[in-house]
Structure formats: structure tokens, C-alpha cells
$ cat start29.txt   # compact mmCIF, N, CA and C atoms
# COMPACT_ATOMS: atom_id res chain seq x y z
N MET T 1 109.05 105.89 96.73
CA MET T 1 110.10 104.95 96.44
C MET T 1 109.64 103.52 96.70
N LEU T 2 108.89 103.31 97.78
CA LEU T 2 108.39 101.96 98.07
C LEU T 2 107.43 101.50 96.98
N ALA T 3 106.65 102.43 96.46
CA ALA T 3 105.70 102.09 95.40
C ALA T 3 106.42 101.79 94.09
N ASP T 4 107.55 102.43 93.86
CA ASP T 4 108.34 102.18 92.66
C ASP T 4 108.99 100.80 92.68
N ARG T 5 109.28 100.33 93.87
CA ARG T 5 110.01 99.07 94.04
C ARG T 5 109.22 98.11 94.91
N GLU T 6 107.99 97.85 94.49
CA GLU T 6 107.09 97.01 95.27
C GLU T 6 107.71 95.64 95.54
N GLY T 7 107.62 95.22 96.81
CA GLY T 7 108.10 93.92 97.21
C GLY T 7 109.59 93.85 97.50
N ILE T 8 110.32 94.91 97.20
CA ILE T 8 111.76 94.94 97.46
C ILE T 8 112.00 95.83 98.68
N PRO T 9 112.47 95.25 99.78
CA PRO T 9 112.69 96.05 101.00
C PRO T 9 113.65 97.21 100.75
N GLN T 10 113.27 98.38 101.29
CA GLN T 10 114.09 99.58 101.19
C GLN T 10 114.42 100.06 102.60
N THR T 11 115.69 100.31 102.85
CA THR T 11 116.09 100.79 104.17
C THR T 11 115.65 102.24 104.34
N ALA T 12 115.55 102.65 105.60
CA ALA T 12 115.21 104.05 105.88
C ALA T 12 116.28 104.96 105.29
N GLN T 13 117.53 104.55 105.35
CA GLN T 13 118.61 105.35 104.80
C GLN T 13 118.45 105.53 103.28
N ALA T 14 118.11 104.46 102.58
CA ALA T 14 117.93 104.53 101.13
C ALA T 14 116.76 105.44 100.77
N VAL T 15 115.66 105.30 101.48
CA VAL T 15 114.49 106.13 101.22
C VAL T 15 114.82 107.59 101.53
N SER T 16 115.55 107.81 102.61
CA SER T 16 115.96 109.15 102.99
C SER T 16 116.79 109.82 101.91
N GLU T 17 117.72 109.09 101.35
CA GLU T 17 118.59 109.64 100.31
C GLU T 17 117.81 110.01 99.05
N VAL T 18 116.89 109.15 98.66
CA VAL T 18 116.13 109.39 97.43
C VAL T 18 115.12 110.53 97.61
N THR T 19 114.45 110.55 98.75
CA THR T 19 113.40 111.55 98.97
C THR T 19 113.93 112.84 99.57
N GLN T 20 115.17 112.82 100.02
CA GLN T 20 115.81 113.97 100.66
C GLN T 20 115.09 114.39 101.94
N VAL T 21 114.54 113.41 102.64
CA VAL T 21 113.92 113.62 103.94
C VAL T 21 114.92 113.13 104.98
N PRO T 22 115.21 113.92 106.00
CA PRO T 22 116.16 113.49 107.03
C PRO T 22 115.76 112.14 107.62
N VAL T 23 116.73 111.25 107.78
CA VAL T 23 116.44 109.88 108.19
C VAL T 23 115.74 109.81 109.55
N GLY T 24 116.06 110.70 110.47
CA GLY T 24 115.39 110.69 111.77
C GLY T 24 113.90 110.98 111.65
N TYR T 25 113.57 111.99 110.85
CA TYR T 25 112.16 112.33 110.62
C TYR T 25 111.48 111.24 109.81
N LEU T 26 112.16 110.73 108.81
CA LEU T 26 111.60 109.67 107.98
C LEU T 26 111.27 108.43 108.82
N SER T 27 112.12 108.11 109.78
CA SER T 27 111.87 106.95 110.65
C SER T 27 110.55 107.11 111.40
N LYS T 28 110.25 108.33 111.84
CA LYS T 28 108.98 108.57 112.52
C LYS T 28 107.80 108.40 111.56
N ILE T 29 107.96 108.88 110.34
CA ILE T 29 106.92 108.73 109.33
C ILE T 29 106.70 107.25 109.03
N MET T 30 107.78 106.52 108.86
CA MET T 30 107.67 105.09 108.55
C MET T 30 106.99 104.34 109.68
N LEU T 31 107.27 104.71 110.92
CA LEU T 31 106.63 104.07 112.07
C LEU T 31 105.12 104.28 112.00
N GLY T 32 104.69 105.48 111.63
CA GLY T 32 103.26 105.75 111.47
C GLY T 32 102.64 104.91 110.37
N LEU T 33 103.37 104.74 109.28
CA LEU T 33 102.88 103.91 108.17
C LEU T 33 102.80 102.44 108.56
N VAL T 34 103.77 101.98 109.35
CA VAL T 34 103.76 100.60 109.84
C VAL T 34 102.57 100.40 110.78
N LYS T 35 102.40 101.33 111.73
CA LYS T 35 101.29 101.22 112.69
C LYS T 35 99.93 101.21 111.98
N ALA T 36 99.83 101.95 110.88
CA ALA T 36 98.58 102.00 110.12
C ALA T 36 98.39 100.78 109.24
N GLY T 37 99.42 99.94 109.13
CA GLY T 37 99.31 98.74 108.31
C GLY T 37 99.57 98.97 106.83
N LEU T 38 100.07 100.15 106.47
CA LEU T 38 100.33 100.44 105.06
C LEU T 38 101.69 99.92 104.61
N VAL T 39 102.58 99.77 105.57
CA VAL T 39 103.96 99.34 105.29
C VAL T 39 104.33 98.28 106.30
N THR T 40 105.12 97.31 105.88
CA THR T 40 105.68 96.34 106.82
C THR T 40 107.17 96.59 106.93
N SER T 41 107.70 96.22 108.08
CA SER T 41 109.12 96.40 108.34
C SER T 41 109.76 95.03 108.52
N ARG T 42 110.86 94.81 107.82
CA ARG T 42 111.59 93.54 107.92
C ARG T 42 112.97 93.83 108.48
N ARG T 43 113.36 93.06 109.48
CA ARG T 43 114.69 93.22 110.08
C ARG T 43 115.68 92.32 109.37
N GLY T 44 116.94 92.60 109.60
CA GLY T 44 117.98 91.70 109.11
C GLY T 44 118.72 92.23 107.90
N LEU T 45 119.60 91.38 107.39
CA LEU T 45 120.49 91.74 106.31
C LEU T 45 119.76 92.27 105.08
N HIS T 46 118.68 91.62 104.71
CA HIS T 46 117.92 92.05 103.53
C HIS T 46 116.60 92.70 103.94
N GLY T 47 116.63 93.37 105.09
CA GLY T 47 115.42 93.99 105.63
C GLY T 47 115.18 95.38 105.09
N GLY T 48 114.13 95.97 105.59
CA GLY T 48 113.75 97.30 105.19
C GLY T 48 112.24 97.43 105.21
N PHE T 49 111.74 98.40 104.51
CA PHE T 49 110.31 98.68 104.47
C PHE T 49 109.74 98.28 103.11
N VAL T 50 108.53 97.71 103.17
CA VAL T 50 107.82 97.26 101.96
C VAL T 50 106.36 97.65 102.12
N LEU T 51 105.73 98.05 101.01
CA LEU T 51 104.29 98.32 101.05
C LEU T 51 103.54 97.05 101.44
N SER T 52 102.53 97.18 102.27
CA SER T 52 101.70 96.04 102.68
C SER T 52 100.70 95.66 101.61
N SER T 53 100.40 96.59 100.73
CA SER T 53 99.46 96.39 99.66
C SER T 53 100.11 96.87 98.37
N THR T 54 99.39 96.82 97.29
CA THR T 54 99.94 97.33 96.04
C THR T 54 99.73 98.84 95.94
N ALA T 55 100.54 99.49 95.16
CA ALA T 55 100.41 100.93 94.94
C ALA T 55 99.08 101.25 94.28
N ALA T 56 98.51 100.29 93.59
CA ALA T 56 97.22 100.49 92.92
C ALA T 56 96.06 100.52 93.92
N LYS T 57 96.27 99.99 95.11
CA LYS T 57 95.21 99.95 96.12
C LYS T 57 95.35 101.06 97.17
N LEU T 58 96.54 101.59 97.35
CA LEU T 58 96.76 102.62 98.36
C LEU T 58 96.51 104.01 97.78
N THR T 59 95.77 104.81 98.53
CA THR T 59 95.47 106.17 98.07
C THR T 59 96.31 107.19 98.83
N ILE T 60 96.34 108.39 98.29
CA ILE T 60 97.00 109.49 98.99
C ILE T 60 96.34 109.67 100.36
N TYR T 61 95.03 109.52 100.41
CA TYR T 61 94.30 109.67 101.67
C TYR T 61 94.81 108.67 102.71
N ASP T 62 95.04 107.42 102.31
CA ASP T 62 95.54 106.41 103.24
C ASP T 62 96.84 106.87 103.89
N VAL T 63 97.73 107.40 103.07
CA VAL T 63 99.04 107.83 103.56
C VAL T 63 98.90 109.06 104.47
N VAL T 64 98.13 110.03 104.03
CA VAL T 64 97.94 111.24 104.83
C VAL T 64 97.31 110.90 106.18
N GLU T 65 96.30 110.06 106.18
CA GLU T 65 95.65 109.68 107.43
C GLU T 65 96.60 108.95 108.38
N ALA T 66 97.54 108.19 107.84
CA ALA T 66 98.49 107.47 108.67
C ALA T 66 99.55 108.40 109.25
N VAL T 67 99.90 109.43 108.51
CA VAL T 67 101.01 110.30 108.91
C VAL T 67 100.53 111.54 109.66
N ASP T 68 99.56 112.24 109.13
CA ASP T 68 99.05 113.47 109.74
C ASP T 68 97.60 113.65 109.32
N PRO T 69 96.68 113.01 110.04
CA PRO T 69 95.28 112.99 109.63
C PRO T 69 94.69 114.39 109.42
N ILE T 70 93.79 114.47 108.46
CA ILE T 70 93.06 115.70 108.22
C ILE T 70 92.06 115.86 109.36
N ARG T 71 92.11 116.99 110.01
CA ARG T 71 91.24 117.24 111.15
C ARG T 71 90.04 118.08 110.70
N ARG T 72 88.92 117.40 110.57
CA ARG T 72 87.69 118.10 110.16
C ARG T 72 87.23 119.00 111.31
N ILE T 73 86.49 120.04 110.97
CA ILE T 73 85.98 120.98 111.95
C ILE T 73 84.55 120.58 112.28
N THR T 74 84.33 120.13 113.51
CA THR T 74 82.99 119.69 113.91
C THR T 74 82.36 120.61 114.95
N THR T 75 83.20 121.36 115.65
CA THR T 75 82.73 122.37 116.60
C THR T 75 83.57 123.61 116.42
N CYS T 76 83.13 124.69 117.00
CA CYS T 76 83.86 125.95 116.85
C CYS T 76 85.30 125.80 117.36
N PRO T 77 86.30 126.00 116.49
CA PRO T 77 87.69 125.87 116.91
C PRO T 77 88.10 126.93 117.92
N LEU T 78 87.32 128.00 118.02
CA LEU T 78 87.62 129.07 118.98
C LEU T 78 86.90 128.85 120.31
N SER T 79 86.14 127.76 120.39
CA SER T 79 85.37 127.42 121.60
C SER T 79 84.39 128.51 122.00
N LEU T 80 83.82 129.17 121.02
CA LEU T 80 82.83 130.20 121.32
C LEU T 80 81.52 129.52 121.69
N ALA T 81 81.09 129.74 122.91
CA ALA T 81 79.89 129.07 123.42
C ALA T 81 78.67 129.39 122.56
N ALA T 82 78.61 130.60 122.03
CA ALA T 82 77.46 131.01 121.22
C ALA T 82 77.34 130.17 119.94
N HIS T 83 78.45 129.63 119.48
CA HIS T 83 78.42 128.83 118.25
C HIS T 83 78.01 127.39 118.52
N GLY T 84 78.33 126.90 119.69
CA GLY T 84 77.99 125.52 120.03
C GLY T 84 78.50 124.55 118.97
N LYS T 85 77.63 123.64 118.53
CA LYS T 85 78.02 122.68 117.50
C LYS T 85 77.71 123.19 116.10
N LYS T 86 77.05 124.33 116.01
CA LYS T 86 76.73 124.90 114.71
C LYS T 86 77.89 125.79 114.28
N LEU T 87 78.50 125.43 113.17
CA LEU T 87 79.65 126.19 112.70
C LEU T 87 79.22 127.50 112.06
N CYS T 88 80.04 128.54 112.27
CA CYS T 88 79.79 129.80 111.59
C CYS T 88 80.11 129.62 110.10
N SER T 89 79.79 130.60 109.30
CA SER T 89 79.99 130.47 107.86
C SER T 89 81.46 130.30 107.50
N LEU T 90 82.38 130.94 108.23
CA LEU T 90 83.81 130.78 107.95
C LEU T 90 84.26 129.35 108.22
N HIS T 91 83.93 128.84 109.39
CA HIS T 91 84.38 127.49 109.74
C HIS T 91 83.67 126.43 108.91
N ARG T 92 82.43 126.67 108.50
CA ARG T 92 81.72 125.74 107.61
C ARG T 92 82.46 125.66 106.28
N ARG T 93 82.87 126.82 105.75
CA ARG T 93 83.60 126.83 104.47
C ARG T 93 84.96 126.16 104.60
N LEU T 94 85.62 126.39 105.72
CA LEU T 94 86.92 125.72 105.94
C LEU T 94 86.73 124.21 106.01
N ASP T 95 85.68 123.76 106.69
CA ASP T 95 85.43 122.33 106.77
C ASP T 95 85.03 121.77 105.40
N ASP T 96 84.28 122.54 104.63
CA ASP T 96 83.94 122.10 103.27
C ASP T 96 85.21 121.92 102.43
N ALA T 97 86.18 122.82 102.60
CA ALA T 97 87.45 122.70 101.88
C ALA T 97 88.20 121.43 102.31
N LEU T 98 88.16 121.13 103.60
CA LEU T 98 88.79 119.90 104.09
C LEU T 98 88.09 118.67 103.52
N ALA T 99 86.78 118.72 103.43
CA ALA T 99 86.02 117.61 102.85
C ALA T 99 86.39 117.41 101.38
N THR T 100 86.55 118.50 100.66
CA THR T 100 86.94 118.44 99.25
C THR T 100 88.33 117.83 99.12
N THR T 101 89.23 118.22 100.00
CA THR T 101 90.59 117.66 100.00
C THR T 101 90.54 116.16 100.27
N GLU T 102 89.77 115.75 101.25
CA GLU T 102 89.64 114.31 101.54
C GLU T 102 89.14 113.56 100.31
N THR T 103 88.12 114.08 99.67
CA THR T 103 87.55 113.43 98.48
C THR T 103 88.61 113.31 97.38
N ALA T 104 89.35 114.37 97.16
CA ALA T 104 90.39 114.35 96.13
C ALA T 104 91.48 113.34 96.47
N PHE T 105 91.90 113.29 97.72
CA PHE T 105 92.95 112.36 98.14
C PHE T 105 92.48 110.90 98.06
N ARG T 106 91.20 110.65 98.34
CA ARG T 106 90.67 109.29 98.26
C ARG T 106 90.60 108.80 96.81
N ALA T 107 90.54 109.73 95.86
CA ALA T 107 90.35 109.39 94.45
C ALA T 107 91.65 109.08 93.71
N VAL T 108 92.80 109.27 94.35
CA VAL T 108 94.07 109.07 93.65
C VAL T 108 94.93 108.03 94.37
N THR T 109 95.31 106.99 93.61
CA THR T 109 96.18 105.96 94.18
C THR T 109 97.65 106.33 93.97
N LEU T 110 98.50 105.67 94.72
CA LEU T 110 99.94 105.88 94.54
C LEU T 110 100.36 105.49 93.13
N GLN T 111 99.75 104.43 92.61
CA GLN T 111 100.07 103.99 91.24
C GLN T 111 99.72 105.07 90.23
N GLN T 112 98.60 105.71 90.40
CA GLN T 112 98.21 106.79 89.49
C GLN T 112 99.23 107.93 89.52
N LEU T 113 99.73 108.24 90.70
CA LEU T 113 100.75 109.29 90.79
C LEU T 113 102.01 108.90 90.03
N LEU T 114 102.36 107.63 90.12
CA LEU T 114 103.60 107.16 89.49
C LEU T 114 103.49 107.02 87.98
N THR T 115 102.28 106.76 87.50
CA THR T 115 102.13 106.52 86.06
C THR T 115 101.62 107.74 85.30
N GLN T 116 101.31 108.80 86.01
CA GLN T 116 100.85 110.02 85.33
C GLN T 116 101.98 110.58 84.47
N THR T 117 101.64 110.88 83.26
CA THR T 117 102.66 111.40 82.35
C THR T 117 103.09 112.80 82.77
N GLY T 118 104.33 113.07 82.57
CA GLY T 118 104.89 114.36 82.93
C GLY T 118 106.40 114.25 83.04
N ASN T 119 107.02 115.31 83.40
CA ASN T 119 108.48 115.33 83.45
C ASN T 119 109.07 115.04 84.81
N SER T 120 108.26 114.98 85.86
CA SER T 120 108.83 114.76 87.18
C SER T 120 108.00 113.75 87.96
N ARG T 121 108.66 113.15 88.94
CA ARG T 121 108.01 112.16 89.80
C ARG T 121 107.91 112.72 91.21
N PRO T 122 106.81 112.49 91.89
CA PRO T 122 106.61 113.04 93.24
C PRO T 122 107.68 112.57 94.21
N LEU T 123 108.29 113.49 94.89
CA LEU T 123 109.22 113.26 96.01
C LEU T 123 110.50 112.52 95.66
N CYS T 124 110.71 112.16 94.45
CA CYS T 124 111.85 111.32 94.13
C CYS T 124 112.68 111.88 92.97
N PRO T 125 113.46 112.92 93.23
CA PRO T 125 114.23 113.53 92.15
C PRO T 125 115.36 112.63 91.64
N LEU T 126 115.73 111.62 92.39
CA LEU T 126 116.86 110.79 91.99
C LEU T 126 116.46 109.53 91.24
N LEU T 127 115.16 109.23 91.19
CA LEU T 127 114.72 108.05 90.47
C LEU T 127 114.43 108.40 89.02
N PRO T 128 114.77 107.53 88.09
CA PRO T 128 114.46 107.82 86.70
C PRO T 128 112.95 107.79 86.48
N SER T 129 112.47 108.65 85.60
CA SER T 129 111.06 108.70 85.29
C SER T 129 110.69 107.51 84.41
N SER T 130 109.54 106.90 84.71
CA SER T 130 109.09 105.80 83.84
C SER T 130 107.96 106.26 82.96
N GLY T 131 107.62 107.55 83.04
CA GLY T 131 106.50 108.08 82.27
C GLY T 131 106.95 108.83 81.06
$ encode --input "start29.txt" --output "C-alpha cells"
Amino acid sequence: MLADREGIPQTAQAVSEVTQVPVGYLSKIMLGLVKAGLVTSRRGLHGGFVLSSTAAKLTIYDVVEAVDPIRRITTCPLSLAAHGKKLCSLHRRLDDALATTETAFRAVTLQQLLTQTGNSRPLCPLLPSSG
């Protein structure tokens, strides 16, 4: 929603209604985005949340890292001493999948998500489609 209305402050309540995310949970998400510098918060009568950058510059990876970072596997998650820092084949493949996900998320901007042709828009069933 913020990417759809760049530069126009949106309240947590308005974003909550459009995305159907409970406002209490959304407030925590927005705080993470503010702390990461992806969103700014303005107080007052015409306040709300605004993207700090353009949707064309922000990637899915930026948002995911601000909200719930992808945790790569660097040591045995089971703390098996025999594995040390060398991952077994299962954990190596799981980490490879995480690396692939990171690469895919870095390659797609919010603008690309919004302008991709199709019948639906991500997370916003109440906004009219512009595609």
C-alpha cells in the first residue's frame, strides 16, 4: 500500500484495513521497517507511514531482512560436535535453498511486483489493480 501511494502518509489503521493485517501486529512490522530505514513515520494530523525510498529501489529482500531476516545455516543447527563448521549434506542443501531465496528476493523490487501484469495485487485485495 505504501508503494502504491508513494509520498502520501498512510496510517497504520488504513494499511491494516487494506492488507487485512491486525493493526497491533502491523504496528510491530512498521516499527521494524522504520528502524531499518525503509519507512519513515510522521506524527500529527496528516501523519502516517511513507516509504523512505522509491518502490523501484526497494527489493523484497530489503523488506524481509527488516521484518524477519533469512537465517543462513553456517554451523550445524543440531549442535553436533562431529559436524563442527562443516555442514552435512542435508544442512548444506537447506542453506543452498536459503541462498537461492535471497538471490530471488534481491532481484525483485516492490515496483516490479506492483507493475507485473495479472489479475491480483500482492497483499492488497481492496486496492484497484493498475495492471
$ select_by_dssp --input "start29.txt" --residues "region 37-69 of chain T" --states "helix (DSSP H, G or I)" --output "MDAnalysis selection string"
chainID T and resid 60:67
$ write_last_selection --input "start29.txt" --atoms "N, CA and C atoms" --output "CSV table (one decimal), in the frame of the given file"
chain,number,residue,atom,x,y,z
T,60,ILE,N,96.3,108.4,98.3
T,60,ILE,CA,97.0,109.5,99.0
T,60,ILE,C,96.3,109.7,100.4
T,61,TYR,N,95.0,109.5,100.4
T,61,TYR,CA,94.3,109.7,101.7
T,61,TYR,C,94.8,108.7,102.7
T,62,ASP,N,95.0,107.4,102.3
T,62,ASP,CA,95.5,106.4,103.2
T,62,ASP,C,96.8,106.9,103.9
T,63,VAL,N,97.7,107.4,103.1
T,63,VAL,CA,99.0,107.8,103.6
T,63,VAL,C,98.9,109.1,104.5
T,64,VAL,N,98.1,110.0,104.0
T,64,VAL,CA,97.9,111.2,104.8
T,64,VAL,C,97.3,110.9,106.2
T,65,GLU,N,96.3,110.1,106.2
T,65,GLU,CA,95.6,109.7,107.4
T,65,GLU,C,96.6,109.0,108.4
T,66,ALA,N,97.5,108.2,107.8
T,66,ALA,CA,98.5,107.5,108.7
T,66,ALA,C,99.6,108.4,109.2
T,67,VAL,N,99.9,109.4,108.5
T,67,VAL,CA,101.0,110.3,108.9
T,67,VAL,C,100.5,111.5,109.7
$ closest_residue --input "start29.txt" --among "T:Phe105, T:Gly7, T:Leu98, T:Gln13" --to "Ile70 (chain T)" --atoms "only N, CA and C atoms"
T:Leu98
$ residues_around --input "start29.txt" --residues "Cys76 (chain T)" --least-positions-apart "5" --cutoff "7 Å" --atoms "all atoms listed in the file" --output "list in words"
His83, Gly84, Lys85, Lys86, Leu87 and Cys88 of chain T
$ atom_distance --input "start29.txt" --atom1 "atom N of Arg92 (chain T)" --atom2 "atom N of Leu78 (chain T)"
10.8 Å
$ atom_distance --input "start29.txt" --atom1 "CA of Arg106 (chain T)" --atom2 "CA of Asp62 (chain T)"
7.5 Å
$ decode --input "start29.txt" --residues "region 23-109 of chain T" --atoms "C-alpha atoms" --output "PDB file, in the first residue's frame"
ATOM      1  CA  VAL T  23      -3.222  -3.284  13.469  1.00  0.00           C
ATOM      2  CA  GLY T  24      -1.307  -4.406  16.578  1.00  0.00           C
ATOM      3  CA  TYR T  25       0.846  -6.811  14.581  1.00  0.00           C
ATOM      4  CA  LEU T  26       1.175  -4.344  11.716  1.00  0.00           C
ATOM      5  CA  SER T  27       2.484  -1.694  14.137  1.00  0.00           C
ATOM      6  CA  LYS T  28       5.318  -4.056  15.106  1.00  0.00           C
ATOM      7  CA  ILE T  29       6.115  -4.693  11.446  1.00  0.00           C
ATOM      8  CA  MET T  30       6.100  -0.974  10.691  1.00  0.00           C
ATOM      9  CA  LEU T  31       8.450  -0.322  13.618  1.00  0.00           C
ATOM     10  CA  GLY T  32      10.905  -2.811  12.104  1.00  0.00           C
ATOM     11  CA  LEU T  33      10.649  -1.083   8.731  1.00  0.00           C
ATOM     12  CA  VAL T  34      11.222   2.317  10.359  1.00  0.00           C
ATOM     13  CA  LYS T  35      14.244   1.017  12.314  1.00  0.00           C
ATOM     14  CA  ALA T  36      15.683  -0.401   9.082  1.00  0.00           C
ATOM     15  CA  GLY T  37      15.252   2.967   7.373  1.00  0.00           C
ATOM     16  CA  LEU T  38      12.844   1.650   4.737  1.00  0.00           C
ATOM     17  CA  VAL T  39       9.886   3.655   6.032  1.00  0.00           C
ATOM     18  CA  THR T  40       9.573   6.980   7.810  1.00  0.00           C
ATOM     19  CA  SER T  41       6.912   7.796  10.342  1.00  0.00           C
ATOM     20  CA  ARG T  42       5.257  11.207  10.532  1.00  0.00           C
ATOM     21  CA  ARG T  43       3.209  12.296  13.528  1.00  0.00           C
ATOM     22  CA  GLY T  44       0.284  14.644  13.546  1.00  0.00           C
ATOM     23  CA  LEU T  45      -2.929  15.311  11.697  1.00  0.00           C
ATOM     24  CA  HIS T  46      -1.558  14.382   8.275  1.00  0.00           C
ATOM     25  CA  GLY T  47       0.903  11.818   9.613  1.00  0.00           C
ATOM     26  CA  GLY T  48       1.448   8.191   8.892  1.00  0.00           C
ATOM     27  CA  PHE T  49       3.999   5.973   7.221  1.00  0.00           C
ATOM     28  CA  VAL T  50       5.814   6.729   3.962  1.00  0.00           C
ATOM     29  CA  LEU T  51       8.467   4.797   2.053  1.00  0.00           C
ATOM     30  CA  SER T  52      11.931   6.292   2.612  1.00  0.00           C
ATOM     31  CA  SER T  53      12.914   5.413  -0.933  1.00  0.00           C
ATOM     32  CA  THR T  54      11.058   4.692  -4.137  1.00  0.00           C
ATOM     33  CA  ALA T  55       9.369   1.362  -4.774  1.00  0.00           C
ATOM     34  CA  ALA T  56      11.733   0.979  -7.722  1.00  0.00           C
ATOM     35  CA  LYS T  57      14.732   0.921  -5.372  1.00  0.00           C
ATOM     36  CA  LEU T  58      13.377  -1.284  -2.577  1.00  0.00           C
ATOM     37  CA  THR T  59      13.554  -5.037  -3.007  1.00  0.00           C
ATOM     38  CA  ILE T  60      11.618  -7.857  -1.420  1.00  0.00           C
ATOM     39  CA  TYR T  61      14.903  -8.780   0.267  1.00  0.00           C
ATOM     40  CA  ASP T  62      15.108  -5.340   1.920  1.00  0.00           C
ATOM     41  CA  VAL T  63      11.659  -5.797   3.432  1.00  0.00           C
ATOM     42  CA  VAL T  64      12.212  -9.399   4.519  1.00  0.00           C
ATOM     43  CA  GLU T  65      15.538  -8.536   6.144  1.00  0.00           C
ATOM     44  CA  ALA T  66      13.909  -5.674   8.068  1.00  0.00           C
ATOM     45  CA  VAL T  67      10.973  -7.753   9.284  1.00  0.00           C
ATOM     46  CA  ASP T  68      12.227 -11.338   9.674  1.00  0.00           C
ATOM     47  CA  PRO T  69      15.747 -11.864   8.342  1.00  0.00           C
ATOM     48  CA  ILE T  70      16.626 -15.040   6.492  1.00  0.00           C
ATOM     49  CA  ARG T  71      18.848 -17.046   8.792  1.00  0.00           C
ATOM     50  CA  ARG T  72      21.540 -18.789   6.799  1.00  0.00           C
ATOM     51  CA  ILE T  73      22.951 -22.053   8.148  1.00  0.00           C
ATOM     52  CA  THR T  74      26.638 -21.618   8.963  1.00  0.00           C
ATOM     53  CA  THR T  75      27.073 -24.314  11.611  1.00  0.00           C
ATOM     54  CA  CYS T  76      25.215 -27.484  12.461  1.00  0.00           C
ATOM     55  CA  PRO T  77      21.764 -26.396  13.728  1.00  0.00           C
ATOM     56  CA  LEU T  78      21.689 -29.538  15.882  1.00  0.00           C
ATOM     57  CA  SER T  79      24.999 -28.577  17.532  1.00  0.00           C
ATOM     58  CA  LEU T  80      26.524 -31.924  16.656  1.00  0.00           C
ATOM     59  CA  ALA T  81      30.173 -31.642  17.635  1.00  0.00           C
ATOM     60  CA  ALA T  82      31.183 -34.110  14.925  1.00  0.00           C
ATOM     61  CA  HIS T  83      29.895 -31.713  12.259  1.00  0.00           C
ATOM     62  CA  GLY T  84      31.702 -28.655  13.576  1.00  0.00           C
ATOM     63  CA  LYS T  85      31.578 -25.868  10.994  1.00  0.00           C
ATOM     64  CA  LYS T  86      31.288 -28.305   8.105  1.00  0.00           C
ATOM     65  CA  LEU T  87      27.643 -28.748   7.216  1.00  0.00           C
ATOM     66  CA  CYS T  88      26.244 -32.174   6.464  1.00  0.00           C
ATOM     67  CA  SER T  89      24.678 -32.706   3.045  1.00  0.00           C
ATOM     68  CA  LEU T  90      21.155 -32.005   4.362  1.00  0.00           C
ATOM     69  CA  HIS T  91      22.046 -28.714   6.010  1.00  0.00           C
ATOM     70  CA  ARG T  92      24.224 -27.687   3.029  1.00  0.00           C
ATOM     71  CA  ARG T  93      21.220 -28.191   0.726  1.00  0.00           C
ATOM     72  CA  LEU T  94      18.946 -26.278   3.090  1.00  0.00           C
ATOM     73  CA  ASP T  95      21.431 -23.406   3.165  1.00  0.00           C
ATOM     74  CA  ASP T  96      21.718 -23.525  -0.631  1.00  0.00           C
ATOM     75  CA  ALA T  97      17.913 -23.152  -0.789  1.00  0.00           C
ATOM     76  CA  LEU T  98      18.114 -20.141   1.530  1.00  0.00           C
ATOM     77  CA  ALA T  99      20.822 -18.633  -0.683  1.00  0.00           C
ATOM     78  CA  THR T 100      18.608 -19.134  -3.741  1.00  0.00           C
ATOM     79  CA  THR T 101      15.721 -17.444  -1.931  1.00  0.00           C
ATOM     80  CA  GLU T 102      17.936 -14.486  -1.005  1.00  0.00           C
ATOM     81  CA  THR T 103      19.065 -14.130  -4.621  1.00  0.00           C
ATOM     82  CA  ALA T 104      15.485 -14.232  -5.884  1.00  0.00           C
ATOM     83  CA  PHE T 105      14.309 -11.672  -3.312  1.00  0.00           C
ATOM     84  CA  ARG T 106      17.203  -9.312  -4.139  1.00  0.00           C
ATOM     85  CA  ALA T 107      16.235  -9.435  -7.828  1.00  0.00           C
ATOM     86  CA  VAL T 108      12.662  -8.136  -7.430  1.00  0.00           C
ATOM     87  CA  THR T 109      11.703  -4.590  -6.477  1.00  0.00           C
TER      88      THR T 109
END
